[in-house]
>>> print(open('coords22.pdb').read())   # PDB, C-alpha atoms
MODEL        1
ATOM      1  CA  MET F   1     221.204 124.286  18.850
ATOM      2  CA  ALA F   2     224.080 125.741  20.892
ATOM      3  CA  GLU F   3     225.493 122.262  21.689
ATOM      4  CA  LYS F   4     226.149 121.569  17.996
ATOM      5  CA  GLU F   5     227.594 124.976  17.185
ATOM      6  CA  GLU F   6     231.273 125.781  16.898
ATOM      7  CA  VAL F   7     232.090 129.112  18.554
ATOM      8  CA  LYS F   8     235.722 130.138  18.936
ATOM      9  CA  LEU F   9     237.171 133.457  20.076
ATOM     10  CA  LEU F  10     240.746 134.628  19.576
ATOM     11  CA  GLY F  11     241.640 137.401  21.986
ATOM     12  CA  ILE F  12     244.104 138.911  24.442
ATOM     13  CA  TRP F  13     243.370 139.009  28.165
ATOM     14  CA  ALA F  14     244.060 142.750  28.461
ATOM     15  CA  SER F  15     242.206 143.868  25.331
ATOM     16  CA  PRO F  16     238.884 145.656  25.829
ATOM     17  CA  PHE F  17     237.971 144.632  22.286
ATOM     18  CA  SER F  18     238.099 140.895  23.010
ATOM     19  CA  ARG F  19     236.835 141.228  26.591
ATOM     20  CA  ARG F  20     233.620 142.864  25.337
ATOM     21  CA  ILE F  21     233.029 139.882  23.039
ATOM     22  CA  GLU F  22     233.425 137.512  25.981
ATOM     23  CA  MET F  23     230.927 139.610  27.939
ATOM     24  CA  ALA F  24     228.434 139.394  25.083
ATOM     25  CA  LEU F  25     228.804 135.636  24.710
ATOM     26  CA  LYS F  26     228.392 135.145  28.461
ATOM     27  CA  LEU F  27     225.352 137.452  28.518
ATOM     28  CA  LYS F  28     223.790 135.369  25.736
ATOM     29  CA  GLY F  29     224.788 132.103  27.400
ATOM     30  CA  VAL F  30     226.696 130.951  24.313
ATOM     31  CA  PRO F  31     229.390 128.319  25.013
ATOM     32  CA  TYR F  32     232.675 129.184  23.309
ATOM     33  CA  GLU F  33     236.289 128.089  23.094
ATOM     34  CA  TYR F  34     238.826 130.809  23.877
ATOM     35  CA  PHE F  35     242.301 131.095  22.336
ATOM     36  CA  GLU F  36     244.730 133.506  24.017
ATOM     37  CA  GLU F  37     246.974 135.374  21.596
ATOM     38  CA  ILE F  38     250.352 136.963  22.410
ATOM     39  CA  LEU F  39     250.697 140.638  21.504
ATOM     40  CA  GLU F  40     254.254 140.404  20.161
ATOM     41  CA  LYS F  41     253.888 137.025  18.439
ATOM     42  CA  LYS F  42     250.754 136.465  16.398
ATOM     43  CA  SER F  43     249.761 132.843  15.972
ATOM     44  CA  PRO F  44     249.479 131.127  12.569
ATOM     45  CA  LEU F  45     245.765 130.682  13.304
ATOM     46  CA  LEU F  46     245.247 134.441  13.790
ATOM     47  CA  LEU F  47     247.216 135.267  10.644
ATOM     48  CA  ALA F  48     245.171 132.733   8.664
ATOM     49  CA  LEU F  49     241.818 133.989   9.962
ATOM     50  CA  ASN F  50     242.584 137.718   9.794
ATOM     51  CA  PRO F  51     245.299 138.146   7.128
ATOM     52  CA  ILE F  52     244.361 141.776   6.363
ATOM     53  CA  HIS F  53     244.534 143.440   9.794
ATOM     54  CA  LYS F  54     246.217 140.628  11.755
ATOM     55  CA  LYS F  55     244.361 141.753  14.894
ATOM     56  CA  ILE F  56     242.094 140.342  17.559
ATOM     57  CA  PRO F  57     239.298 139.765  18.302
ATOM     58  CA  VAL F  58     238.351 137.079  15.827
ATOM     59  CA  LEU F  59     235.107 135.138  16.209
ATOM     60  CA  VAL F  60     234.651 131.857  14.379
ATOM     61  CA  HIS F  61     231.080 130.578  14.205
ATOM     62  CA  ASN F  62     230.501 127.272  12.421
ATOM     63  CA  GLY F  63     233.517 127.885  10.199
ATOM     64  CA  LYS F  64     232.625 131.507   9.405
ATOM     65  CA  THR F  65     235.082 134.203  10.473
ATOM     66  CA  ILE F  66     233.763 137.523  11.826
ATOM     67  CA  LEU F  67     236.145 140.444  12.458
ATOM     68  CA  GLU F  68     236.115 143.847  14.223
ATOM     69  CA  SER F  69     234.646 143.959  17.723
ATOM     70  CA  GLN F  70     231.561 146.107  17.111
ATOM     71  CA  VAL F  71     230.725 144.080  14.006
ATOM     72  CA  ILE F  72     231.137 140.898  16.069
ATOM     73  CA  LEU F  73     228.819 142.264  18.776
ATOM     74  CA  GLU F  74     226.121 142.944  16.193
ATOM     75  CA  TYR F  75     226.628 139.495  14.667
ATOM     76  CA  ILE F  76     226.219 137.894  18.095
ATOM     77  CA  ASP F  77     223.082 139.938  18.729
ATOM     78  CA  GLU F  78     221.498 138.967  15.409
ATOM     79  CA  THR F  79     222.503 135.306  15.665
ATOM     80  CA  TRP F  80     221.381 134.705  19.242
ATOM     81  CA  LYS F  81     218.346 136.939  19.606
ATOM     82  CA  HIS F  82     217.574 136.350  23.294
ATOM     83  CA  ASN F  83     218.901 138.928  25.785
ATOM     84  CA  PRO F  84     219.181 141.627  23.071
ATOM     85  CA  LEU F  85     222.168 143.979  23.110
ATOM     86  CA  LEU F  86     220.927 146.756  20.824
ATOM     87  CA  PRO F  87     217.722 148.689  21.539
ATOM     88  CA  ARG F  88     214.653 147.789  19.479
ATOM     89  CA  ASP F  89     213.817 151.443  18.823
ATOM     90  CA  PRO F  90     215.625 152.654  15.646
ATOM     91  CA  TYR F  91     216.543 156.029  17.148
ATOM     92  CA  GLU F  92     217.921 154.530  20.356
ATOM     93  CA  ARG F  93     219.792 151.943  18.295
ATOM     94  CA  SER F  94     221.404 154.638  16.132
ATOM     95  CA  LYS F  95     222.381 156.581  19.239
ATOM     96  CA  ALA F  96     224.012 153.517  20.816
ATOM     97  CA  ARG F  97     226.028 152.916  17.648
ATOM     98  CA  PHE F  98     227.070 156.569  17.435
ATOM     99  CA  LEU F  99     228.261 156.708  21.044
ATOM    100  CA  ALA F 100     230.042 153.358  20.701
ATOM    101  CA  LYS F 101     231.954 154.778  17.746
ATOM    102  CA  LEU F 102     232.786 157.848  19.846
ATOM    103  CA  VAL F 103     234.302 155.562  22.485
ATOM    104  CA  ASP F 104     236.356 153.396  20.132
ATOM    105  CA  GLU F 105     237.610 156.230  17.959
ATOM    106  CA  GLN F 106     237.761 159.562  19.764
ATOM    107  CA  ILE F 107     237.919 158.629  23.445
ATOM    108  CA  ILE F 108     240.591 155.946  22.966
ATOM    109  CA  THR F 109     242.618 158.269  20.717
ATOM    110  CA  ALA F 110     242.521 161.288  23.040
ATOM    111  CA  GLY F 111     242.516 159.312  26.281
ATOM    112  CA  PHE F 112     245.319 156.906  25.534
ATOM    113  CA  VAL F 113     247.038 156.943  22.130
ATOM    114  CA  SER F 114     247.680 160.704  21.968
ATOM    115  CA  MET F 115     248.178 160.903  25.733
ATOM    116  CA  ALA F 116     250.930 158.273  25.603
ATOM    117  CA  ARG F 117     252.879 160.443  23.154
ATOM    118  CA  ALA F 118     252.344 163.744  25.004
ATOM    119  CA  ASP F 119     254.433 165.476  27.637
ATOM    120  CA  GLU F 120     252.974 166.409  31.041
ATOM    121  CA  LYS F 121     251.418 169.662  29.811
ATOM    122  CA  GLY F 122     250.013 167.968  26.728
ATOM    123  CA  ARG F 123     248.473 165.233  28.857
ATOM    124  CA  GLU F 124     246.479 167.767  30.842
ATOM    125  CA  VAL F 125     245.085 169.233  27.608
ATOM    126  CA  LEU F 126     244.178 165.763  26.351
ATOM    127  CA  ALA F 127     242.671 164.833  29.712
ATOM    128  CA  GLU F 128     240.311 167.801  29.406
ATOM    129  CA  GLN F 129     239.412 166.804  25.846
ATOM    130  CA  THR F 130     238.704 163.290  27.103
ATOM    131  CA  ARG F 131     236.469 164.645  29.869
ATOM    132  CA  GLU F 132     234.469 166.631  27.312
ATOM    133  CA  LEU F 133     233.959 163.482  25.241
ATOM    134  CA  ILE F 134     232.989 161.352  28.247
ATOM    135  CA  MET F 135     230.475 164.027  29.289
ATOM    136  CA  ASN F 136     228.361 162.819  26.341
ATOM    137  CA  LEU F 137     228.110 159.468  28.098
ATOM    138  CA  GLU F 138     227.495 161.090  31.481
ATOM    139  CA  LYS F 139     224.443 162.903  30.109
ATOM    140  CA  GLU F 140     223.143 159.735  28.478
ATOM    141  CA  LEU F 141     223.253 157.867  31.817
ATOM    142  CA  VAL F 142     220.980 160.241  33.758
ATOM    143  CA  GLY F 143     218.118 158.243  35.250
ATOM    144  CA  LYS F 144     219.464 154.895  34.008
ATOM    145  CA  ASP F 145     221.188 151.962  35.688
ATOM    146  CA  PHE F 146     222.882 151.115  32.393
ATOM    147  CA  PHE F 147     222.944 152.494  28.871
ATOM    148  CA  GLY F 148     220.552 149.629  28.151
ATOM    149  CA  VAL F 149     218.344 151.265  30.853
ATOM    150  CA  LYS F 150     217.722 148.341  33.244
ATOM    151  CA  THR F 151     220.007 145.749  31.666
ATOM    152  CA  VAL F 152     223.497 145.675  30.169
ATOM    153  CA  GLY F 153     223.452 146.384  26.435
ATOM    154  CA  PHE F 154     225.653 147.122  23.428
ATOM    155  CA  LEU F 155     226.984 150.488  24.599
ATOM    156  CA  ASP F 156     227.601 149.182  28.127
ATOM    157  CA  LEU F 157     229.870 146.476  26.698
ATOM    158  CA  VAL F 158     231.739 148.881  24.422
ATOM    159  CA  ALA F 159     232.173 151.764  26.873
ATOM    160  CA  GLY F 160     232.585 149.531  29.930
ATOM    161  CA  SER F 161     235.342 147.424  28.421
ATOM    162  CA  VAL F 162     237.253 150.555  27.368
ATOM    163  CA  ILE F 163     236.910 153.328  29.922
ATOM    164  CA  PRO F 164     236.673 151.988  33.495
ATOM    165  CA  PHE F 165     238.328 148.624  32.856
ATOM    166  CA  CYS F 166     241.107 149.764  30.535
ATOM    167  CA  LEU F 167     241.760 153.504  30.140
ATOM    168  CA  GLU F 168     241.402 154.226  33.851
ATOM    169  CA  ARG F 169     244.139 151.649  34.485
ATOM    170  CA  GLY F 170     246.360 153.506  31.992
ATOM    171  CA  TRP F 171     245.686 156.818  33.709
ATOM    172  CA  GLU F 172     246.437 155.292  37.088
ATOM    173  CA  GLY F 173     249.782 154.097  35.767
ATOM    174  CA  ILE F 174     250.853 157.658  34.915
ATOM    175  CA  GLY F 175     249.284 159.208  38.033
ATOM    176  CA  LEU F 176     246.550 161.127  36.189
ATOM    177  CA  GLU F 177     242.966 161.539  37.405
ATOM    178  CA  VAL F 178     240.648 162.125  34.460
ATOM    179  CA  ILE F 179     237.222 161.204  35.847
ATOM    180  CA  SER F 180     236.217 162.538  39.258
ATOM    181  CA  GLU F 181     233.069 161.527  41.141
ATOM    182  CA  GLU F 182     232.201 165.193  41.616
ATOM    183  CA  LYS F 183     232.033 165.892  37.876
ATOM    184  CA  PHE F 184     230.884 162.456  36.710
ATOM    185  CA  PRO F 185     228.487 161.056  39.346
ATOM    186  CA  GLU F 186     226.345 159.183  36.804
ATOM    187  CA  TYR F 187     229.402 157.534  35.270
ATOM    188  CA  LYS F 188     230.728 156.460  38.681
ATOM    189  CA  ARG F 189     227.324 155.015  39.623
ATOM    190  CA  TRP F 190     227.211 153.139  36.304
ATOM    191  CA  VAL F 191     230.672 151.613  36.892
ATOM    192  CA  LYS F 192     229.539 150.365  40.323
ATOM    193  CA  ASN F 193     226.477 148.809  38.682
ATOM    194  CA  LEU F 194     228.652 147.080  36.070
ATOM    195  CA  GLU F 195     230.937 145.670  38.753
ATOM    196  CA  LYS F 196     227.928 143.898  40.306
ATOM    197  CA  VAL F 197     227.087 142.005  37.097
ATOM    198  CA  ASP F 198     228.562 138.505  37.244
ATOM    199  CA  PHE F 199     229.424 138.068  33.563
ATOM    200  CA  VAL F 200     231.059 141.518  33.509
ATOM    201  CA  LYS F 201     233.098 140.753  36.645
ATOM    202  CA  ASP F 202     234.281 137.518  35.037
ATOM    203  CA  CYS F 203     235.776 139.499  32.142
ATOM    204  CA  ILE F 204     237.472 142.379  33.978
ATOM    205  CA  PRO F 205     241.274 141.975  33.739
ATOM    206  CA  PRO F 206     243.150 141.749  37.073
ATOM    207  CA  LYS F 207     243.943 145.321  38.033
ATOM    208  CA  GLU F 208     247.642 145.342  39.012
ATOM    209  CA  LYS F 209     248.655 143.206  36.058
ATOM    210  CA  HIS F 210     246.530 145.381  33.774
ATOM    211  CA  VAL F 211     248.044 148.663  35.013
ATOM    212  CA  GLU F 212     251.465 147.200  34.242
ATOM    213  CA  HIS F 213     250.272 146.123  30.792
ATOM    214  CA  MET F 214     248.881 149.602  30.040
ATOM    215  CA  ASN F 215     252.234 151.138  31.015
ATOM    216  CA  HIS F 216     253.894 148.729  28.582
ATOM    217  CA  MET F 217     251.426 149.676  25.849
ATOM    218  CA  GLY F 218     252.137 153.372  26.444
ATOM    219  CA  GLU F 219     255.861 152.730  26.075
ATOM    220  CA  ARG F 220     255.256 150.864  22.813
ATOM    221  CA  ILE F 221     253.292 153.836  21.438
ATOM    222  CA  ARG F 222     256.002 156.313  22.465
ATOM    223  CA  SER F 223     258.768 154.280  20.888
ATOM    224  CA  ALA F 224     256.888 153.581  17.630
TER     225      ALA F 224
ENDMDL
END
>>> encode(input="coords22.pdb", output="structure tokens")
Amino acid sequence: MAEKEEVKLLGIWASPFSRRIEMALKLKGVPYEYFEEILEKKSPLLLALNPIHKKIPVLVHNGKTILESQVILEYIDETWKHNPLLPRDPYERSKARFLAKLVDEQIITAGFVSMARADEKGREVLAEQTRELIMNLEKELVGKDFFGVKTVGFLDLVAGSVIPFCLERGWEGIGLEVISEEKFPEYKRWVKNLEKVDFVKDCIPPKEKHVEHMNHMGERIRSA
């Protein structure tokens, strides 16, 4: 089946939103063709496939275009049912979706977008707000290797792509410590577990280059 399927992904190397899709495809063992986009110069292919938002990631499966990273993750999970991403239990599934939305909306906004615009005093206030939000994830990780309990799942891909492998690089670039091991031991243990997973390691952007990219992104936000 997989040999005859067309699977293409348009993404950007530094984007947690496209990196999480790569992680999901690798977890499922789905062969795919990757197209690297340039942040400042969107390709004609991207504009044709996503004319409304003009953003990555874009997944193309057998000629069908799927947009928005969490929607794409669910599509992947429903299309290739082995190695499930979302929990089978309806309550656990709803909780994973809720916390994933918390990451992509509130944690990214407080922990990067608003922080990039703030002065030094404002950053400290936003850092504390970010800690309060991440504490919801800390509590969820108690007694678990991953949010998927023993295996990497939907929330691991969403939160992992954003917080340790993206936002923390942004905080490092401005010399701000947001997550300490003393206050977030479960989170720190979880990150170490993620770093041992081969398909996750394959998708983590190179650190120095990524820190530089996050600084650039912060400057873009400030000047907008």
>>> atom_distance(input="coords22.pdb", atom1="atom CA of F:Ala96", atom2="atom CA of F:Glu132")
18.0 Å
>>> closest_residue(input="coords22.pdb", among="F:Val71, F:Leu167, F:Ile204, F:Leu49", to="F:Arg19", atoms="all atoms listed in the file")
F:Ile204
>>> residues_around(input="coords22.pdb", residues="F:Leu10", least_positions_apart="3", cutoff="8 Å", atoms="all atoms listed in the file", output="count of residues only")
10
>>> atom_distance(input="coords22.pdb", atom1="atom CA of F:Ile12", atom2="atom CA of F:His82")
26.7 Å
>>> closest_residue(input="coords22.pdb", among="F:Leu155, F:Val191, F:Leu126, F:Leu9", to="F:Tyr32", atoms="all atoms listed in the file")
F:Leu9
>>> atom_distance(input="coords22.pdb", atom1="atom CA of F:Lys192", atom2="atom CA of F:Val178")
17.2 Å
